[in-house]
>>> print(open('upload-v3.cif').read())   # mmCIF, C-alpha atoms
data_target
#
loop_
_atom_site.label_atom_id
_atom_site.label_comp_id
_atom_site.auth_asym_id
_atom_site.auth_seq_id
_atom_site.Cartn_x
_atom_site.Cartn_y
_atom_site.Cartn_z
CA MET A 1 -13.04 -54.94 -12.52
CA HIS A 2 -16.44 -55.67 -11.08
CA PRO A 3 -19.18 -53.64 -12.81
CA ILE A 4 -22.03 -55.18 -10.79
CA LEU A 5 -21.50 -55.03 -7.04
CA ILE A 6 -24.43 -57.20 -6.01
CA THR A 7 -27.63 -58.67 -7.45
CA LEU A 8 -30.55 -59.52 -5.19
CA GLY A 9 -33.46 -60.76 -7.27
CA PRO A 10 -34.69 -57.82 -9.38
CA LEU A 11 -32.38 -55.42 -7.51
CA THR A 12 -29.01 -54.74 -9.13
CA ILE A 13 -26.47 -52.42 -7.53
CA ALA A 14 -23.72 -51.22 -9.86
CA SER A 15 -20.24 -50.79 -8.40
CA TYR A 16 -19.86 -47.36 -9.98
CA GLY A 17 -23.15 -46.12 -8.57
CA PHE A 18 -22.39 -47.44 -5.11
CA LEU A 19 -18.88 -45.94 -4.97
CA PHE A 20 -20.10 -42.64 -6.44
CA ALA A 21 -22.90 -42.44 -3.87
CA PHE A 22 -20.56 -43.39 -1.02
CA GLY A 23 -18.02 -40.77 -2.07
CA ALA A 24 -20.74 -38.16 -2.44
CA LEU A 25 -22.05 -38.96 1.04
CA LEU A 26 -18.61 -38.57 2.63
CA ALA A 27 -18.03 -35.35 0.69
CA ILE A 28 -21.38 -33.92 1.85
CA LEU A 29 -20.74 -34.86 5.48
CA LEU A 30 -17.31 -33.23 5.35
CA ALA A 31 -18.71 -30.09 3.73
CA TYR A 32 -21.60 -29.97 6.22
CA LYS A 33 -19.16 -30.14 9.14
CA LYS A 34 -17.09 -27.29 7.73
CA ALA A 35 -20.19 -25.22 6.93
CA LYS A 36 -21.30 -25.53 10.54
CA ALA A 37 -17.87 -24.41 11.73
CA GLU A 38 -18.06 -21.41 9.36
CA ASN A 39 -21.48 -20.40 10.83
CA ILE A 40 -23.34 -20.86 7.55
CA ASP A 41 -27.13 -21.27 7.73
CA LEU A 42 -27.42 -25.06 7.53
CA LYS A 43 -30.87 -25.07 5.92
CA ILE A 44 -29.65 -22.84 3.09
CA PHE A 45 -26.50 -24.96 2.81
CA THR A 46 -28.48 -28.22 2.69
CA ASP A 47 -30.69 -26.87 -0.11
CA PHE A 48 -27.56 -25.72 -1.92
CA ILE A 49 -26.01 -29.21 -1.79
CA PHE A 50 -29.21 -30.86 -3.02
CA TYR A 51 -29.68 -28.61 -6.04
CA LEU A 52 -25.96 -28.55 -6.76
CA MET A 53 -25.89 -32.34 -7.12
CA ILE A 54 -28.82 -32.30 -9.55
CA THR A 55 -27.33 -29.46 -11.61
CA SER A 56 -23.87 -31.03 -11.71
CA LEU A 57 -25.23 -34.41 -12.79
CA LEU A 58 -27.23 -32.79 -15.58
CA GLY A 59 -24.18 -30.80 -16.71
CA ALA A 60 -22.01 -33.93 -16.72
CA LYS A 61 -24.44 -35.75 -19.00
CA LEU A 62 -24.95 -32.76 -21.31
CA LEU A 63 -21.21 -32.33 -21.93
CA LEU A 64 -20.85 -36.06 -22.59
CA LEU A 65 -23.68 -35.76 -25.10
CA ALA A 66 -22.16 -32.66 -26.71
CA THR A 67 -18.68 -34.18 -27.12
CA ASN A 68 -20.19 -37.32 -28.71
CA LEU A 69 -23.02 -35.68 -30.61
CA GLY A 70 -22.04 -37.25 -33.92
CA TYR A 71 -22.13 -40.73 -32.42
CA TYR A 72 -25.50 -40.22 -30.73
CA LEU A 73 -27.01 -38.74 -33.89
CA LYS A 74 -25.85 -41.82 -35.75
CA TYR A 75 -27.01 -44.20 -33.03
CA PRO A 76 -29.86 -42.37 -31.23
CA ALA A 77 -30.88 -45.53 -29.37
CA GLU A 78 -27.60 -45.33 -27.44
CA MET A 79 -28.78 -42.16 -25.71
CA LYS A 80 -30.56 -44.30 -23.14
CA TYR A 81 -27.15 -45.17 -21.70
CA LEU A 82 -26.69 -41.52 -20.75
CA LEU A 83 -29.10 -42.22 -17.91
CA THR A 84 -26.78 -44.82 -16.38
CA SER A 85 -23.43 -43.19 -17.17
CA GLY A 86 -21.63 -40.84 -14.83
CA GLY A 87 -21.07 -38.30 -17.58
CA SER A 88 -18.21 -35.85 -18.00
CA PHE A 89 -16.64 -34.58 -14.77
CA PHE A 90 -15.81 -31.22 -16.34
CA GLY A 91 -19.42 -30.84 -17.48
CA GLY A 92 -20.56 -31.38 -13.92
CA LEU A 93 -17.94 -29.00 -12.56
CA ILE A 94 -18.81 -26.19 -14.96
CA ALA A 95 -22.55 -26.57 -14.42
CA GLY A 96 -21.98 -26.73 -10.67
CA LEU A 97 -19.93 -23.55 -10.70
CA LEU A 98 -22.57 -21.67 -12.69
CA PHE A 99 -25.30 -22.81 -10.30
CA THR A 100 -23.12 -21.90 -7.32
CA ILE A 101 -22.70 -18.35 -8.62
CA PHE A 102 -26.48 -18.05 -9.00
CA TYR A 103 -27.18 -19.49 -5.54
CA ILE A 104 -24.57 -17.35 -3.82
CA ARG A 105 -26.01 -14.17 -5.29
CA ARG A 106 -29.56 -15.16 -4.40
CA HIS A 107 -28.79 -15.95 -0.77
CA HIS A 108 -25.91 -13.50 -0.25
CA LEU A 109 -23.45 -16.21 0.76
CA ARG A 110 -19.67 -15.82 1.08
CA TYR A 111 -18.46 -17.39 -2.14
CA ARG A 112 -14.82 -17.70 -1.09
CA VAL A 113 -15.83 -19.51 2.10
CA LEU A 114 -18.07 -21.90 0.14
CA GLY A 115 -15.21 -22.57 -2.27
CA ASP A 116 -12.82 -23.42 0.53
CA ILE A 117 -15.41 -25.78 2.01
CA GLY A 118 -16.06 -27.45 -1.32
CA GLY A 119 -12.48 -27.99 -2.50
CA PRO A 120 -11.49 -30.86 -0.16
CA SER A 121 -14.96 -32.42 -0.46
CA LEU A 122 -14.77 -32.47 -4.26
CA ALA A 123 -11.35 -34.11 -4.19
CA LEU A 124 -12.52 -36.77 -1.74
CA GLY A 125 -15.69 -37.53 -3.67
CA HIS A 126 -13.76 -37.70 -6.93
CA PHE A 127 -11.38 -40.27 -5.43
CA PHE A 128 -14.27 -42.69 -4.88
CA GLY A 129 -15.78 -41.78 -8.24
CA ARG A 130 -12.64 -42.86 -10.08
CA LEU A 131 -12.55 -46.11 -8.12
CA GLY A 132 -16.05 -46.60 -9.46
CA CYS A 133 -14.79 -45.96 -12.98
CA PHE A 134 -12.18 -48.67 -12.51
CA ALA A 135 -14.80 -51.13 -11.28
CA ALA A 136 -17.13 -50.30 -14.18
CA GLY A 137 -14.41 -50.32 -16.84
CA CYS A 138 -15.02 -46.80 -18.15
CA CYS A 139 -12.40 -44.06 -18.67
CA TRP A 140 -9.82 -46.73 -19.54
CA GLY A 141 -6.21 -46.16 -20.54
CA ARG A 142 -4.23 -46.67 -23.74
CA GLU A 143 -2.37 -49.88 -24.47
CA ALA A 144 0.48 -50.04 -21.96
CA GLY A 145 2.85 -52.56 -23.53
CA HIS A 146 5.17 -53.86 -20.82
CA PHE A 147 4.28 -51.23 -18.23
CA PRO A 148 4.60 -53.12 -14.90
CA LEU A 149 1.39 -51.68 -13.40
CA ALA A 150 -0.77 -52.31 -16.47
CA VAL A 151 -4.23 -53.83 -15.98
CA THR A 152 -6.18 -56.23 -18.16
CA PHE A 153 -9.98 -56.20 -18.20
CA THR A 154 -11.91 -59.40 -18.82
CA SER A 155 -15.58 -58.67 -18.08
CA ALA A 156 -17.77 -59.12 -21.16
CA LYS A 157 -20.56 -57.18 -19.44
CA ALA A 158 -18.31 -54.17 -18.86
CA ASN A 159 -17.19 -54.37 -22.49
CA PHE A 160 -20.83 -54.27 -23.56
CA LEU A 161 -21.65 -51.32 -21.27
CA THR A 162 -18.54 -49.17 -21.77
CA GLY A 163 -16.61 -50.55 -24.75
CA VAL A 164 -13.46 -51.17 -22.71
CA PRO A 165 -10.99 -53.41 -24.61
CA LEU A 166 -10.66 -56.89 -23.14
CA HIS A 167 -7.53 -59.00 -22.64
CA VAL A 168 -5.25 -56.07 -23.50
CA ALA A 169 -2.70 -54.53 -21.10
CA LEU A 170 -3.87 -50.93 -20.44
CA TYR A 171 -2.62 -48.04 -18.33
CA PRO A 172 -4.74 -47.94 -15.13
CA THR A 173 -5.76 -44.31 -15.69
CA GLN A 174 -8.71 -44.60 -13.32
CA LEU A 175 -6.37 -45.60 -10.48
CA PHE A 176 -3.83 -42.94 -11.48
CA GLU A 177 -6.47 -40.26 -11.12
CA ALA A 178 -8.02 -41.78 -8.00
CA LEU A 179 -4.71 -41.76 -6.13
CA LEU A 180 -3.84 -38.27 -7.32
CA ASN A 181 -7.27 -37.04 -6.17
CA LEU A 182 -6.69 -38.63 -2.78
CA LEU A 183 -3.34 -36.82 -2.58
CA ASN A 184 -5.11 -33.62 -3.61
CA PHE A 185 -7.62 -34.13 -0.80
CA VAL A 186 -4.81 -34.44 1.77
CA ILE A 187 -3.09 -31.32 0.42
CA LEU A 188 -6.31 -29.31 0.49
CA ALA A 189 -7.25 -30.54 3.97
CA VAL A 190 -3.90 -29.28 5.28
CA ALA A 191 -4.22 -26.06 3.27
CA TYR A 192 -7.68 -25.44 4.77
CA LYS A 193 -6.21 -25.46 8.28
CA LYS A 194 -3.24 -23.28 7.33
CA ARG A 195 -4.81 -20.95 4.74
CA THR A 196 -3.60 -17.38 4.90
CA PHE A 197 -6.58 -15.89 3.05
CA THR A 198 -10.14 -16.94 2.24
CA GLY A 199 -10.53 -18.59 -1.16
CA GLN A 200 -7.02 -20.00 -1.20
CA VAL A 201 -8.14 -23.62 -0.86
CA PHE A 202 -10.67 -23.36 -3.69
CA ALA A 203 -8.11 -21.83 -6.05
CA LEU A 204 -5.65 -24.59 -5.13
CA TYR A 205 -8.28 -27.22 -5.87
CA ILE A 206 -8.82 -25.82 -9.37
CA MET A 207 -5.08 -25.71 -10.03
CA ASN A 208 -4.30 -29.14 -8.60
CA TYR A 209 -7.09 -30.95 -10.38
CA SER A 210 -6.32 -29.19 -13.66
CA LEU A 211 -2.73 -30.45 -13.45
CA ILE A 212 -3.88 -33.94 -12.47
CA ARG A 213 -6.31 -34.28 -15.34
CA PHE A 214 -3.93 -32.76 -17.89
CA PHE A 215 -1.34 -35.42 -16.98
CA VAL A 216 -3.77 -38.36 -16.92
CA GLU A 217 -5.24 -37.38 -20.31
CA TYR A 218 -1.99 -38.43 -22.00
CA PHE A 219 -2.65 -42.02 -20.94
CA ARG A 220 -6.41 -42.21 -21.57
CA GLY A 221 -7.50 -44.60 -24.30
CA ASP A 222 -11.23 -43.97 -24.58
CA ASP A 223 -12.10 -41.68 -27.45
CA ASP A 224 -15.15 -39.93 -26.01
CA ARG A 225 -13.64 -36.69 -24.71
CA GLY A 226 -13.16 -34.84 -27.98
CA TYR A 227 -9.96 -33.36 -29.41
CA VAL A 228 -9.11 -29.76 -30.20
CA LEU A 229 -5.88 -30.73 -31.97
CA GLY A 230 -4.70 -34.12 -33.18
CA GLY A 231 -6.37 -37.27 -31.95
CA LEU A 232 -6.11 -40.45 -29.96
CA ASP A 233 -3.45 -41.96 -32.24
CA HIS A 234 -0.90 -39.27 -31.25
CA PRO A 235 -1.66 -38.52 -27.59
CA PHE A 236 1.56 -36.67 -26.71
CA THR A 237 1.28 -34.24 -29.62
CA SER A 238 -2.48 -33.71 -29.36
CA LEU A 239 -4.72 -31.56 -27.23
CA SER A 240 -7.98 -33.01 -25.95
CA LEU A 241 -10.95 -30.89 -24.92
CA PRO A 242 -10.38 -31.72 -21.22
CA GLN A 243 -6.74 -30.64 -21.55
CA LEU A 244 -7.83 -27.32 -23.03
CA ILE A 245 -10.16 -26.87 -20.06
CA CYS A 246 -7.25 -27.79 -17.76
CA VAL A 247 -5.05 -25.07 -19.26
CA SER A 248 -7.87 -22.59 -18.69
CA GLY A 249 -8.24 -23.96 -15.16
CA VAL A 250 -4.59 -23.31 -14.29
CA ILE A 251 -4.82 -19.75 -15.62
CA LEU A 252 -8.06 -19.18 -13.70
CA ALA A 253 -6.52 -20.57 -10.50
CA LEU A 254 -3.53 -18.23 -10.74
CA VAL A 255 -5.83 -15.26 -11.28
CA LEU A 256 -8.01 -16.30 -8.34
CA LEU A 257 -5.03 -16.80 -6.03
CA LYS A 258 -3.78 -13.29 -6.76
CA SER A 259 -7.25 -11.75 -6.53
CA PHE A 260 -8.25 -13.56 -3.33
CA LYS A 261 -4.95 -12.72 -1.67
CA ARG A 262 -5.47 -9.05 -2.49
CA LEU A 263 -9.01 -9.16 -1.09
CA GLY A 264 -7.71 -10.84 2.05
CA GLU A 265 -5.09 -8.14 2.55
CA LYS A 266 -7.76 -5.44 2.16
CA GLU A 267 -9.99 -7.17 4.71
CA ASP A 268 -7.11 -7.49 7.17
CA HIS A 269 -6.32 -3.79 6.70
CA VAL A 270 -9.94 -2.78 7.38
CA GLN A 271 -10.16 -5.00 10.45
CA GLY A 272 -6.81 -3.76 11.71
#
>>> encode(input="upload-v3.cif", output="structure tokens")
Amino acid sequence: MHPILITLGPLTIASYGFLFAFGALLAILLAYKKAKAENIDLKIFTDFIFYLMITSLLGAKLLLLATNLGYYLKYPAEMKYLLTSGGSFFGGLIAGLLFTIFYIRRHHLRYRVLGDIGGPSLALGHFFGRLGCFAAGCCWGREAGHFPLAVTFTSAKANFLTGVPLHVALYPTQLFEALLNLLNFVILAVAYKKRTFTGQVFALYIMNYSLIRFFVEYFRGDDDRGYVLGGLDHPFTSLSLPQLICVSGVILALVLLKSFKRLGEKEDHVQG
């Protein structure tokens, strides 16, 4: 782990921030290229990306605050670290989706096309984001025992910033999710080229990431996600808040796949 990438005098660049920004840049460039190919007004699309990033970041921090409200009420001074944390991915995703619905209606955009553009970009950006989590020491895994791919963190600074346990073998959940997101990106990139109806790629993104996160949650060791049933001490018989969202995500994806396919068939019939 390497929470601080570089320090130049008063300037400090955090590894998480750098990797997050780099992933976001690649994701935006990829989405911009696809938007141009789809004949979307690039000025409207550029504004959309800008406001989407702000809204998603705010949503990520608000959900992190909400799921740890008791802690922050007890230690209000700790709220300042919300400014430097990445926040909850699901909070960002939900806020981003709500803003997207608003923006699409305002500018009369094709929401299924935007979804297909965004799916691969989200997966790619998330890959770099989770690498940033690994470097920073956040989102760590449970104790891994003799698991051959376990990792041990040793940075006192990361422990201070995130609370990650030191000198303990942990499941590398950040790397698990990073690699699965990279695989998801490859799958979605292929699906985009071979899609049989508009919206298919977006629905697949929701399904794939929901399955990825549901699986990784079993191995997470940080207790800042909230639990609907059970708790951190019994991970395989518990249900965390992100897992509940994942279950909803899979159901939503199945509904969208069926609905989008039906819309595509109607459009083909009209054009034929």
>>> closest_atom_pairs(input="upload-v3.cif", of="stretch 19-68 of chain A", to="stretch 114-128 of chain A", cutoff="8 Å", atoms="only C-alpha atoms", output="Markdown table")
| residue | atom | partner | partner_atom | distance |
| --- | --- | --- | --- | --- |
| A:Leu19 | CA | A:Phe128 | CA | 5.6 |
| A:Phe20 | CA | A:Phe128 | CA | 6.0 |
| A:Phe22 | CA | A:Phe128 | CA | 7.4 |
| A:Gly23 | CA | A:Gly125 | CA | 4.3 |
| A:Ala24 | CA | A:Gly125 | CA | 5.2 |
| A:Leu26 | CA | A:Gly125 | CA | 7.0 |
| A:Ala27 | CA | A:Ser121 | CA | 4.4 |
| A:Ile28 | CA | A:Ser121 | CA | 7.0 |
| A:Leu30 | CA | A:Ser121 | CA | 6.3 |
| A:Ala31 | CA | A:Ile117 | CA | 5.7 |
| A:Lys34 | CA | A:Ile117 | CA | 6.1 |
| A:Ala35 | CA | A:Ile117 | CA | 6.9 |
>>> closest_residue(input="upload-v3.cif", among="A:Leu175, A:Ile40, A:Val190, A:Ile245", to="A:Ile104", atoms="all atoms listed in the file")
A:Ile40
>>> closest_atom_pairs(input="upload-v3.cif", of="stretch 121-237 of chain A", to="stretch 52-73 of chain A", cutoff="10 Å", atoms="all atoms listed in the file", output="CSV")
residue,atom,partner,partner_atom,distance
A:Asp223,CA,A:Asn68,CA,9.3
A:Asp224,CA,A:Asn68,CA,6.3
A:Arg225,CA,A:Thr67,CA,6.1
A:Gly226,CA,A:Thr67,CA,5.6
A:Tyr227,CA,A:Thr67,CA,9.1
>>> residues_around(input="upload-v3.cif", residues="stretch 166-173 of chain A", least_positions_apart="5", cutoff="8 Å", atoms="all atoms listed in the file", output="count of residues only")
22
>>> atom_distance(input="upload-v3.cif", atom1="atom CA of A:His2", atom2="atom CA of A:Gln174")
13.7 Å
>>> resolve_selection(input="upload-v3.cif", expression="the PyMOL selection byres ((chain A and resi 15) around 12)", output="PyMOL selection string")
chain A and resi 1-7+12-14+16-22+84+86+128-138+158
>>> atom_distance(input="upload-v3.cif", atom1="atom CA of A:Phe236", atom2="atom CA of A:Asn184")
24.2 Å
>>> atom_distance(input="upload-v3.cif", atom1="atom CA of A:Gln243", atom2="atom CA of A:Arg213")
7.2 Å
>>> residues_near_point(input="upload-v3.cif", point="(-3.9, -32.0, -29.2)", cutoff="12 Å", atoms="only C-alpha atoms", output="compact mmCIF listing (two decimals) with C-alpha atoms, in the coordinates of the input")
# COMPACT_ATOMS: atom_id res chain seq x y z
CA PHE A 214 -3.93 -32.76 -17.89
CA GLU A 217 -5.24 -37.38 -20.31
CA TYR A 218 -1.99 -38.43 -22.00
CA ARG A 225 -13.64 -36.69 -24.71
CA GLY A 226 -13.16 -34.84 -27.98
CA TYR A 227 -9.96 -33.36 -29.41
CA VAL A 228 -9.11 -29.76 -30.20
CA LEU A 229 -5.88 -30.73 -31.97
CA GLY A 230 -4.70 -34.12 -33.18
CA GLY A 231 -6.37 -37.27 -31.95
CA LEU A 232 -6.11 -40.45 -29.96
CA ASP A 233 -3.45 -41.96 -32.24
CA HIS A 234 -0.90 -39.27 -31.25
CA PRO A 235 -1.66 -38.52 -27.59
CA PHE A 236 1.56 -36.67 -26.71
CA THR A 237 1.28 -34.24 -29.62
CA SER A 238 -2.48 -33.71 -29.36
CA LEU A 239 -4.72 -31.56 -27.23
CA SER A 240 -7.98 -33.01 -25.95
CA LEU A 241 -10.95 -30.89 -24.92
CA PRO A 242 -10.38 -31.72 -21.22
CA GLN A 243 -6.74 -30.64 -21.55
CA LEU A 244 -7.83 -27.32 -23.03
>>> closest_residue(input="upload-v3.cif", among="A:Leu97, A:Leu11, A:Val113, A:Ile251", to="A:Val201", atoms="only C-alpha atoms")
A:Val113
>>> closest_residue(input="upload-v3.cif", among="A:Gly96, A:Thr196, A:Arg110, A:Gly163", to="A:Asp41", atoms="all atoms listed in the file")
A:Arg110
>>> resolve_selection(input="upload-v3.cif", expression="the PyMOL selection byres ((chain A and resi 208) around 10)", output="PyMOL selection string")
chain A and resi 123+180-181+183-185+187-188+202-207+209-214+246+249-250+253
>>> closest_residue(input="upload-v3.cif", among="A:Ser88, A:Thr100, A:Thr198, A:Ser259", to="A:Phe45", atoms="only C-alpha atoms")
A:Thr100
>>> closest_residue(input="upload-v3.cif", among="A:Ala37, A:Phe90, A:Phe99, A:Ala77", to="A:Ser248", atoms="only C-alpha atoms")
A:Phe90
>>> closest_residue(input="upload-v3.cif", among="A:Leu263, A:Leu256, A:Val186, A:Val164", to="A:Gly221", atoms="only C-alpha atoms")
A:Val164
>>> decode(input="upload-v3.cif", residues="stretch 115-151 of chain A", atoms="C-alpha atoms", output="PDB file, in the first residue's frame")
ATOM      1  CA  GLY A 115     -26.731   3.977 -20.671  1.00  0.00           C
ATOM      2  CA  ASP A 116     -24.917   1.855 -23.224  1.00  0.00           C
ATOM      3  CA  ILE A 117     -22.223   4.521 -23.512  1.00  0.00           C
ATOM      4  CA  GLY A 118     -21.836   4.799 -19.760  1.00  0.00           C
ATOM      5  CA  GLY A 119     -21.694   1.101 -18.841  1.00  0.00           C
ATOM      6  CA  PRO A 120     -18.173   0.289 -20.108  1.00  0.00           C
ATOM      7  CA  SER A 121     -16.867   3.673 -18.924  1.00  0.00           C
ATOM      8  CA  LEU A 122     -18.155   3.101 -15.396  1.00  0.00           C
ATOM      9  CA  ALA A 123     -16.554  -0.337 -15.232  1.00  0.00           C
ATOM     10  CA  LEU A 124     -13.207   1.008 -16.462  1.00  0.00           C
ATOM     11  CA  GLY A 125     -13.216   3.951 -14.071  1.00  0.00           C
ATOM     12  CA  HIS A 126     -14.181   1.694 -11.179  1.00  0.00           C
ATOM     13  CA  PHE A 127     -11.215  -0.585 -11.913  1.00  0.00           C
ATOM     14  CA  PHE A 128      -8.801   2.287 -11.282  1.00  0.00           C
ATOM     15  CA  GLY A 129     -10.845   3.479  -8.316  1.00  0.00           C
ATOM     16  CA  ARG A 130     -10.443   0.139  -6.547  1.00  0.00           C
ATOM     17  CA  LEU A 131      -6.713   0.168  -7.244  1.00  0.00           C
ATOM     18  CA  GLY A 132      -6.763   3.509  -5.465  1.00  0.00           C
ATOM     19  CA  CYS A 133      -8.588   1.915  -2.547  1.00  0.00           C
ATOM     20  CA  PHE A 134      -5.855  -0.700  -2.294  1.00  0.00           C
ATOM     21  CA  ALA A 135      -3.149   1.968  -2.311  1.00  0.00           C
ATOM     22  CA  ALA A 136      -4.976   4.019   0.330  1.00  0.00           C
ATOM     23  CA  GLY A 137      -5.857   1.045   2.537  1.00  0.00           C
ATOM     24  CA  CYS A 138      -9.625   1.612   2.590  1.00  0.00           C
ATOM     25  CA  CYS A 139     -12.332  -0.989   1.848  1.00  0.00           C
ATOM     26  CA  TRP A 140     -10.110  -3.705   3.324  1.00  0.00           C
ATOM     27  CA  GLY A 141     -10.952  -7.377   3.691  1.00  0.00           C
ATOM     28  CA  ARG A 142     -11.574  -9.680   6.640  1.00  0.00           C
ATOM     29  CA  GLU A 143      -8.796 -11.685   8.257  1.00  0.00           C
ATOM     30  CA  ALA A 144      -7.737 -14.269   5.689  1.00  0.00           C
ATOM     31  CA  GLY A 145      -5.896 -16.846   7.795  1.00  0.00           C
ATOM     32  CA  HIS A 146      -3.696 -18.911   5.489  1.00  0.00           C
ATOM     33  CA  PHE A 147      -5.261 -17.707   2.242  1.00  0.00           C
ATOM     34  CA  PRO A 148      -2.319 -17.740  -0.227  1.00  0.00           C
ATOM     35  CA  LEU A 149      -3.177 -14.359  -1.802  1.00  0.00           C
ATOM     36  CA  ALA A 150      -3.696 -12.536   1.501  1.00  0.00           C
ATOM     37  CA  VAL A 151      -2.141  -9.084   1.927  1.00  0.00           C
TER      38      VAL A 151
END
